[in-house]
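Asker: Next comes the structure file entry-v8.cif, holding mmCIF, C-alpha atoms and all ligand atoms.
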data_query
#
loop_
_atom_site.label_atom_id
_atom_site.label_comp_id
_atom_site.auth_asym_id
_atom_site.auth_seq_id
_atom_site.Cartn_x
_atom_site.Cartn_y
_atom_site.Cartn_z
CA MET A 328 89.77 84.61 83.17
CA ASP A 329 87.74 82.99 80.42
CA ALA A 330 86.58 79.72 81.95
CA LEU A 331 84.66 80.91 84.99
CA ASN A 332 81.93 78.82 86.48
CA TYR A 333 79.15 80.95 87.94
CA PRO A 334 78.06 81.44 90.60
CA LEU A 335 81.46 81.72 92.28
CA SER A 336 81.43 80.45 95.82
CA SER A 337 84.21 80.33 98.41
CA TYR A 338 84.62 79.69 102.12
CA TYR A 339 85.75 82.59 104.29
CA ASP A 340 87.27 81.62 107.63
CA PHE A 341 86.43 84.48 109.99
CA GLN A 342 88.96 83.25 112.56
CA THR A 343 92.02 83.19 110.31
CA GLY A 344 90.95 85.49 107.48
CA GLN A 345 91.76 82.81 104.89
CA ILE A 346 89.59 82.40 101.79
CA VAL A 347 89.34 78.85 100.40
CA PRO A 348 89.92 77.91 97.64
CA ARG A 349 92.94 80.17 97.38
CA ASP A 350 92.56 81.99 94.03
CA SER A 351 95.01 84.78 94.49
CA TYR A 352 97.25 85.10 97.51
CA ARG A 353 100.23 87.27 98.38
CA GLN A 354 102.54 87.64 101.33
CA ILE A 355 104.25 90.90 102.18
CA HIS A 356 107.44 90.63 104.19
CA LEU A 357 109.49 93.44 105.67
CA SER A 358 111.86 93.19 102.70
CA ASP A 359 108.94 94.14 100.42
CA MET A 360 108.42 97.35 102.41
CA ARG A 361 111.83 98.99 102.00
CA GLY A 362 111.38 102.74 102.32
CA TYR A 363 107.91 102.65 103.85
CA TYR A 364 108.86 102.74 107.53
CA LEU A 365 110.38 105.77 109.19
CA ALA A 366 113.15 103.69 110.76
CA ASP A 367 114.03 102.38 107.34
CA ARG A 368 115.19 105.75 106.10
CA GLU A 369 118.61 105.38 107.71
CA THR A 370 118.98 101.66 107.12
CA LEU A 371 117.43 101.47 103.66
CA HIS A 372 120.50 100.06 101.97
CA GLU A 373 121.63 97.80 104.79
CA PRO A 374 120.76 94.11 104.65
CA LEU A 375 117.85 93.13 106.90
CA LYS A 376 118.71 91.12 109.99
CA GLU A 377 115.36 89.34 109.82
CA ASP A 378 112.47 89.36 107.39
CA PRO A 379 109.16 88.84 109.22
CA LEU A 380 105.86 88.31 107.44
CA LEU A 381 103.87 91.54 107.95
CA TYR A 382 100.62 90.85 106.10
CA GLU A 383 98.79 88.52 103.74
CA VAL A 384 96.13 89.22 101.14
CA TYR A 385 93.57 86.80 99.67
CA GLU A 386 91.54 87.85 96.65
CA CYS A 387 88.82 86.03 94.75
CA GLN A 388 89.67 86.11 91.08
CA VAL A 389 87.05 87.74 88.89
CA PRO A 390 87.33 89.33 85.45
CA ALA A 391 88.97 92.77 85.68
CA LYS A 392 86.24 94.54 83.79
CA PRO A 393 83.59 97.16 84.57
CA GLY A 394 80.76 95.95 86.77
CA GLU A 395 82.68 93.08 88.38
CA MET A 396 83.72 93.25 92.06
CA VAL A 397 86.61 91.66 93.96
CA PRO A 398 86.05 90.25 97.47
CA CYS A 399 89.30 90.19 99.44
CA SER A 400 90.74 89.57 102.88
CA THR A 401 93.76 91.24 104.48
CA ILE A 402 95.47 89.78 107.53
CA ILE A 403 97.95 92.11 109.20
CA HIS A 404 100.03 90.47 111.89
CA PRO A 405 100.82 92.27 115.15
CA GLY A 406 104.18 93.97 115.52
CA SER A 407 106.16 97.07 114.79
CA VAL A 408 109.23 98.27 112.93
CA GLY A 409 111.22 100.82 114.90
CA GLY A 410 108.11 101.59 116.97
CA GLU A 411 105.87 102.00 113.90
CA PHE A 412 103.02 99.50 113.81
CA TYR A 413 102.81 96.94 111.00
CA MET A 414 100.79 98.41 108.15
CA THR A 415 99.90 97.84 104.53
CA LYS A 416 101.75 99.73 101.80
CA GLY A 417 98.67 101.76 101.02
CA HIS A 418 97.55 102.85 97.58
CA TYR A 419 95.22 104.93 95.46
CA HIS A 420 93.00 103.19 92.97
CA SER A 421 94.15 103.97 89.44
CA ASP A 422 90.55 104.63 88.53
CA THR A 423 89.78 107.69 90.64
CA ASN A 424 86.09 106.79 90.41
CA ALA A 425 86.60 103.48 92.23
CA ALA A 426 85.53 103.38 95.88
CA GLU A 427 85.95 100.45 98.28
CA ILE A 428 84.16 98.97 101.30
CA TYR A 429 86.13 97.80 104.33
CA CYS A 430 84.77 95.70 107.19
CA CYS A 431 86.84 94.67 110.21
CA LEU A 432 86.26 91.09 111.37
CA ARG A 433 88.92 90.70 114.06
CA GLY A 434 91.59 92.66 115.86
CA HIS A 435 92.18 96.32 116.48
CA GLY A 436 93.49 98.74 113.92
CA LEU A 437 93.36 102.09 112.25
CA LEU A 438 92.50 102.89 108.66
CA LEU A 439 94.24 105.94 107.22
CA MET A 440 92.46 107.60 104.32
CA GLN A 441 94.00 110.48 102.43
CA HIS A 442 92.88 112.87 99.73
CA GLY A 443 93.89 116.37 98.68
CA GLY A 444 95.98 117.22 101.75
CA GLN A 445 93.52 115.71 104.20
CA CYS A 446 94.25 112.53 106.16
CA LEU A 447 91.47 110.88 108.16
CA VAL A 448 91.91 108.09 110.72
CA GLU A 449 89.13 105.56 111.29
CA THR A 450 89.11 102.97 114.08
CA MET A 451 88.93 99.36 112.92
CA LYS A 452 87.45 96.96 115.45
CA PRO A 453 85.18 93.96 114.85
CA GLY A 454 82.07 95.22 113.08
CA ALA A 455 83.56 98.52 111.91
CA LEU A 456 82.32 99.18 108.40
CA VAL A 457 84.19 101.93 106.58
CA TYR A 458 83.49 103.36 103.16
CA VAL A 459 86.64 104.41 101.32
CA PRO A 460 85.43 107.08 98.89
CA ALA A 461 86.66 107.15 95.32
CA GLY A 462 89.94 109.03 94.98
CA TRP A 463 91.10 108.42 98.55
CA ALA A 464 94.33 106.56 99.33
CA HIS A 465 93.97 103.94 102.06
CA ARG A 466 96.30 102.09 104.44
CA SER A 467 95.44 99.65 107.27
CA VAL A 468 97.50 99.59 110.46
CA ASN A 469 97.42 96.87 113.11
CA VAL A 470 97.70 98.55 116.53
CA GLY A 471 96.62 95.50 118.55
CA SER A 472 98.26 92.36 119.87
CA GLU A 473 96.47 89.88 117.58
CA ASP A 474 95.91 89.60 113.83
CA LEU A 475 93.88 92.40 112.27
CA ILE A 476 91.48 90.84 109.75
CA ILE A 477 89.71 93.04 107.22
CA PHE A 478 87.27 92.07 104.50
CA ALA A 479 86.98 94.44 101.57
CA ILE A 480 85.21 94.70 98.24
CA TYR A 481 86.36 96.86 95.35
CA PRO A 482 85.58 97.26 91.64
CA ALA A 483 87.55 94.71 89.63
CA ASP A 484 88.77 97.31 87.15
CA ALA A 485 89.93 99.76 89.88
CA GLY A 486 93.67 99.16 89.40
CA HIS A 487 96.23 99.96 92.10
CA ASP A 488 98.56 102.93 92.14
CA TYR A 489 101.30 102.54 94.75
CA GLY A 490 103.73 105.14 93.39
CA ALA A 491 102.58 108.30 95.19
CA ILE A 492 102.43 106.65 98.60
CA ARG A 493 105.71 104.83 98.09
CA GLU A 494 107.41 108.14 97.35
CA LYS A 495 105.68 110.52 99.74
CA GLY A 496 103.96 108.32 102.31
CA PHE A 497 100.84 109.30 104.22
CA LEU A 498 100.45 112.58 106.08
CA LYS A 499 100.18 110.61 109.32
CA ARG A 500 102.16 107.79 110.89
CA VAL A 501 101.05 105.46 113.66
CA LEU A 502 103.70 104.84 116.31
CA ARG A 503 103.76 102.90 119.56
CA GLY A 504 103.52 105.26 122.52
CA PRO A 505 105.42 104.81 125.82
CA ASP A 506 102.66 102.58 127.23
CA GLY A 507 102.34 100.58 124.00
CA SER A 508 99.17 102.29 122.81
CA PRO A 509 99.05 103.90 119.35
CA VAL A 510 99.92 107.54 118.88
CA VAL A 511 99.13 109.20 115.55
CA HIS A 512 101.87 111.62 114.47
CA GLU A 513 101.93 114.16 111.69
CA ALA A 514 104.51 112.80 109.24
CA SER A 515 107.71 114.80 109.05
C1 LIG A 601 92.53 96.48 97.46
C2 LIG A 601 92.29 96.63 98.91
C3 LIG A 601 93.07 95.66 99.81
C4 LIG A 601 94.58 95.90 99.82
C5 LIG A 601 95.25 95.12 100.95
C6 LIG A 601 96.75 95.31 101.02
O1 LIG A 601 91.98 97.56 96.75
O2 LIG A 601 92.46 97.95 99.35
O3 LIG A 601 92.82 94.34 99.43
O4 LIG A 601 95.17 95.57 98.60
O5 LIG A 601 94.71 95.52 102.17
O6 LIG A 601 97.10 96.66 100.95
P1 LIG A 601 98.12 97.17 99.86
O7 LIG A 601 98.13 98.66 100.02
O8 LIG A 601 99.42 96.53 100.11
O9 LIG A 601 97.53 96.75 98.53
ZN ZN A 602 92.09 99.51 97.67
#
Represent the structure of the file as structure tokens.
Ligand code: S6P
Ligand code: ZN
Answerer:
Amino acid sequence: MDALNYPLSSYYDFQTGQIVPRDSYRQIHLSDMRGYYLADRETLHEPLKEDPLLYEVYECQVPAKPGEMVPCSTIIHPGSVGGEFYMTKGHYHSDTNAAEIYCCLRGHGLLLMQHGGQCLVETMKPGALVYVPAGWAHRSVNVGSEDLIIFAIYPADAGHDYGAIREKGFLKRVLRGPDGSPVVHEAS
């Protein structure tokens, strides 16, 4: 990240959630989420019958040093795995002093935030602006029938710690109820 031309300017498509030019982009398929879904516990070591794309993340590349900030877009597609809505892996920031700002542009979702045995659930609908305090794990869940598009900004030197969530999960899970609407369960 030496040869940066300032100011950095991109185009953000509010309809699709894409950021152009595409600096940093990743796709997360079901095969990348082994062990995260409840239904996966029994079938963890079985080959997947299909491997749908669950979510995509665009990030603007900036130097990973104190004072810099990363703008990013997450697009979570609609769907569920064994009745559990498509969701991001979820993580803590490695720097426990690093907060984050989330803003929902499109769709309908829930944002789980967890810290010290407490798990809060915030509604994400267009215009919802949620502050993720430093030290809180966060996971987005698409509970709607269209893409959930979220814009976020976080400190460039925050770092991402996936280990604790990968091993223990969140204290709450979001499942599809009998009528298709989301039901938040205490994780077992
Ligand atoms: C980064 C920020 C988001 C997530 C993205 C995917 O700090 O919270 O850009 O990276 O929503 O979630 P995850 O948990 O797979 O990184
Ligand atoms: Zn984050």
Asker: Around all listed atoms of ligand LIG 601 (chain A), padded 3 Å per side, what centre and edge lengths does the axis-aligned box have in Å to one decimal, as JSON?
Answerer:
{"center_x": 95.7, "center_y": 96.5, "center_z": 99.5, "size_x": 13.4, "size_y": 10.3, "size_z": 11.4}
Asker: Given a cut-off of 8 Å, what residues near ligand ZN 602 (chain A) show up using all atoms listed in the file, put as a PyMOL selection string?
Answerer: chain A and resi 417-420+426-427+464-465+481+487
Asker: From the options A:Leu335, A:Ile403, A:Ala425, A:Val459, which residue's atoms come nearest to Ala479 of chain A, counting all atoms listed in the file?
Answerer: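 That would be A:Val459, the residue with the smallest distance to Ala479 of chain A.
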Asker: Write out, as CSV, each residue of chain A that has an atom at most 8 Å from ligand LIG 601 (chain A), together with the closest pair of atoms and their distance in Å to one decimal, counting only C-alpha atoms and all ligand atoms, rows going by chain and rising number.
Answerer:
residue,atom,partner,partner_atom,distance
A:Ile355,CA,A:LIG601,O8,7.7
A:Tyr382,CA,A:LIG601,C6,7.8
A:Glu383,CA,A:LIG601,C6,7.6
A:Val384,CA,A:LIG601,C5,6.0
A:Tyr385,CA,A:LIG601,O3,7.6
A:Glu386,CA,A:LIG601,O3,7.2
A:Cys399,CA,A:LIG601,O3,5.4
A:Ser400,CA,A:LIG601,O3,6.2
A:Thr401,CA,A:LIG601,O5,5.0
A:Ile402,CA,A:LIG601,O5,7.9
A:Thr415,CA,A:LIG601,O8,4.6
A:Lys416,CA,A:LIG601,O7,4.2
A:Gly417,CA,A:LIG601,O7,3.3
A:His418,CA,A:LIG601,O7,4.9
A:His420,CA,A:LIG601,O1,6.9
A:Glu427,CA,A:LIG601,O1,6.9
A:His465,CA,A:LIG601,O2,6.7
A:Arg466,CA,A:LIG601,O7,5.9
A:Ser467,CA,A:LIG601,O5,6.6
A:Ile477,CA,A:LIG601,O5,7.5
A:Phe478,CA,A:LIG601,O3,7.9
A:Ala479,CA,A:LIG601,O3,6.2
A:Ile480,CA,A:LIG601,C2,7.4
A:Tyr481,CA,A:LIG601,O1,5.8
A:Ala485,CA,A:LIG601,O1,7.5
A:Gly486,CA,A:LIG601,O1,7.7
A:His487,CA,A:LIG601,O1,6.7
A:Tyr489,CA,A:LIG601,O7,7.3
Asker: Taking only C-alpha atoms into account, which of A:Tyr413, A:Tyr429, A:Tyr364, A:Tyr338 comes nearest Phe497 of chain A?
Answerer: A:Tyr364
Asker: Could you tell me how far atom CA of Ser515 of chain A lies from atom CA of Phe412 of chain A, in Å and to one decimal?
Answerer: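 Between these atoms lies a distance of 16.7 Å.
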Asker: When you count only C-alpha atoms, which of these residues is closest to His512 of chain A: A:Leu365, A:Ala455, A:Val347, A:Ile492?
Answerer: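 Closest candidate: A:Leu365.
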Asker: Which residue gives the smallest distance to Leu432 of chain A among A:Val457, A:Cys446, A:Met451, A:Ala391, with all atoms listed in the file counted?
Answerer: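 Result for the nearest residue to Leu432 of chain A: A:Met451.
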Asker: Rank A:Leu381, A:Ala366, A:Leu375, A:Arg433 by their smallest atom-to-atom distance to Arg353 of chain A, using only C-alpha atoms, and report the top residue only.
Answerer: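 Of the candidates, the smallest distance to Arg353 of chain A is held by A:Leu381.
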Asker: Would you work out the distance separating atom CA of Ser336 of chain A from atom CA of Gly434 of chain A, expressed in Å to one decimal?
Answerer: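 Atom-to-atom, atom CA of Ser336 of chain A and atom CA of Gly434 of chain A are spaced 25.6 Å apart.
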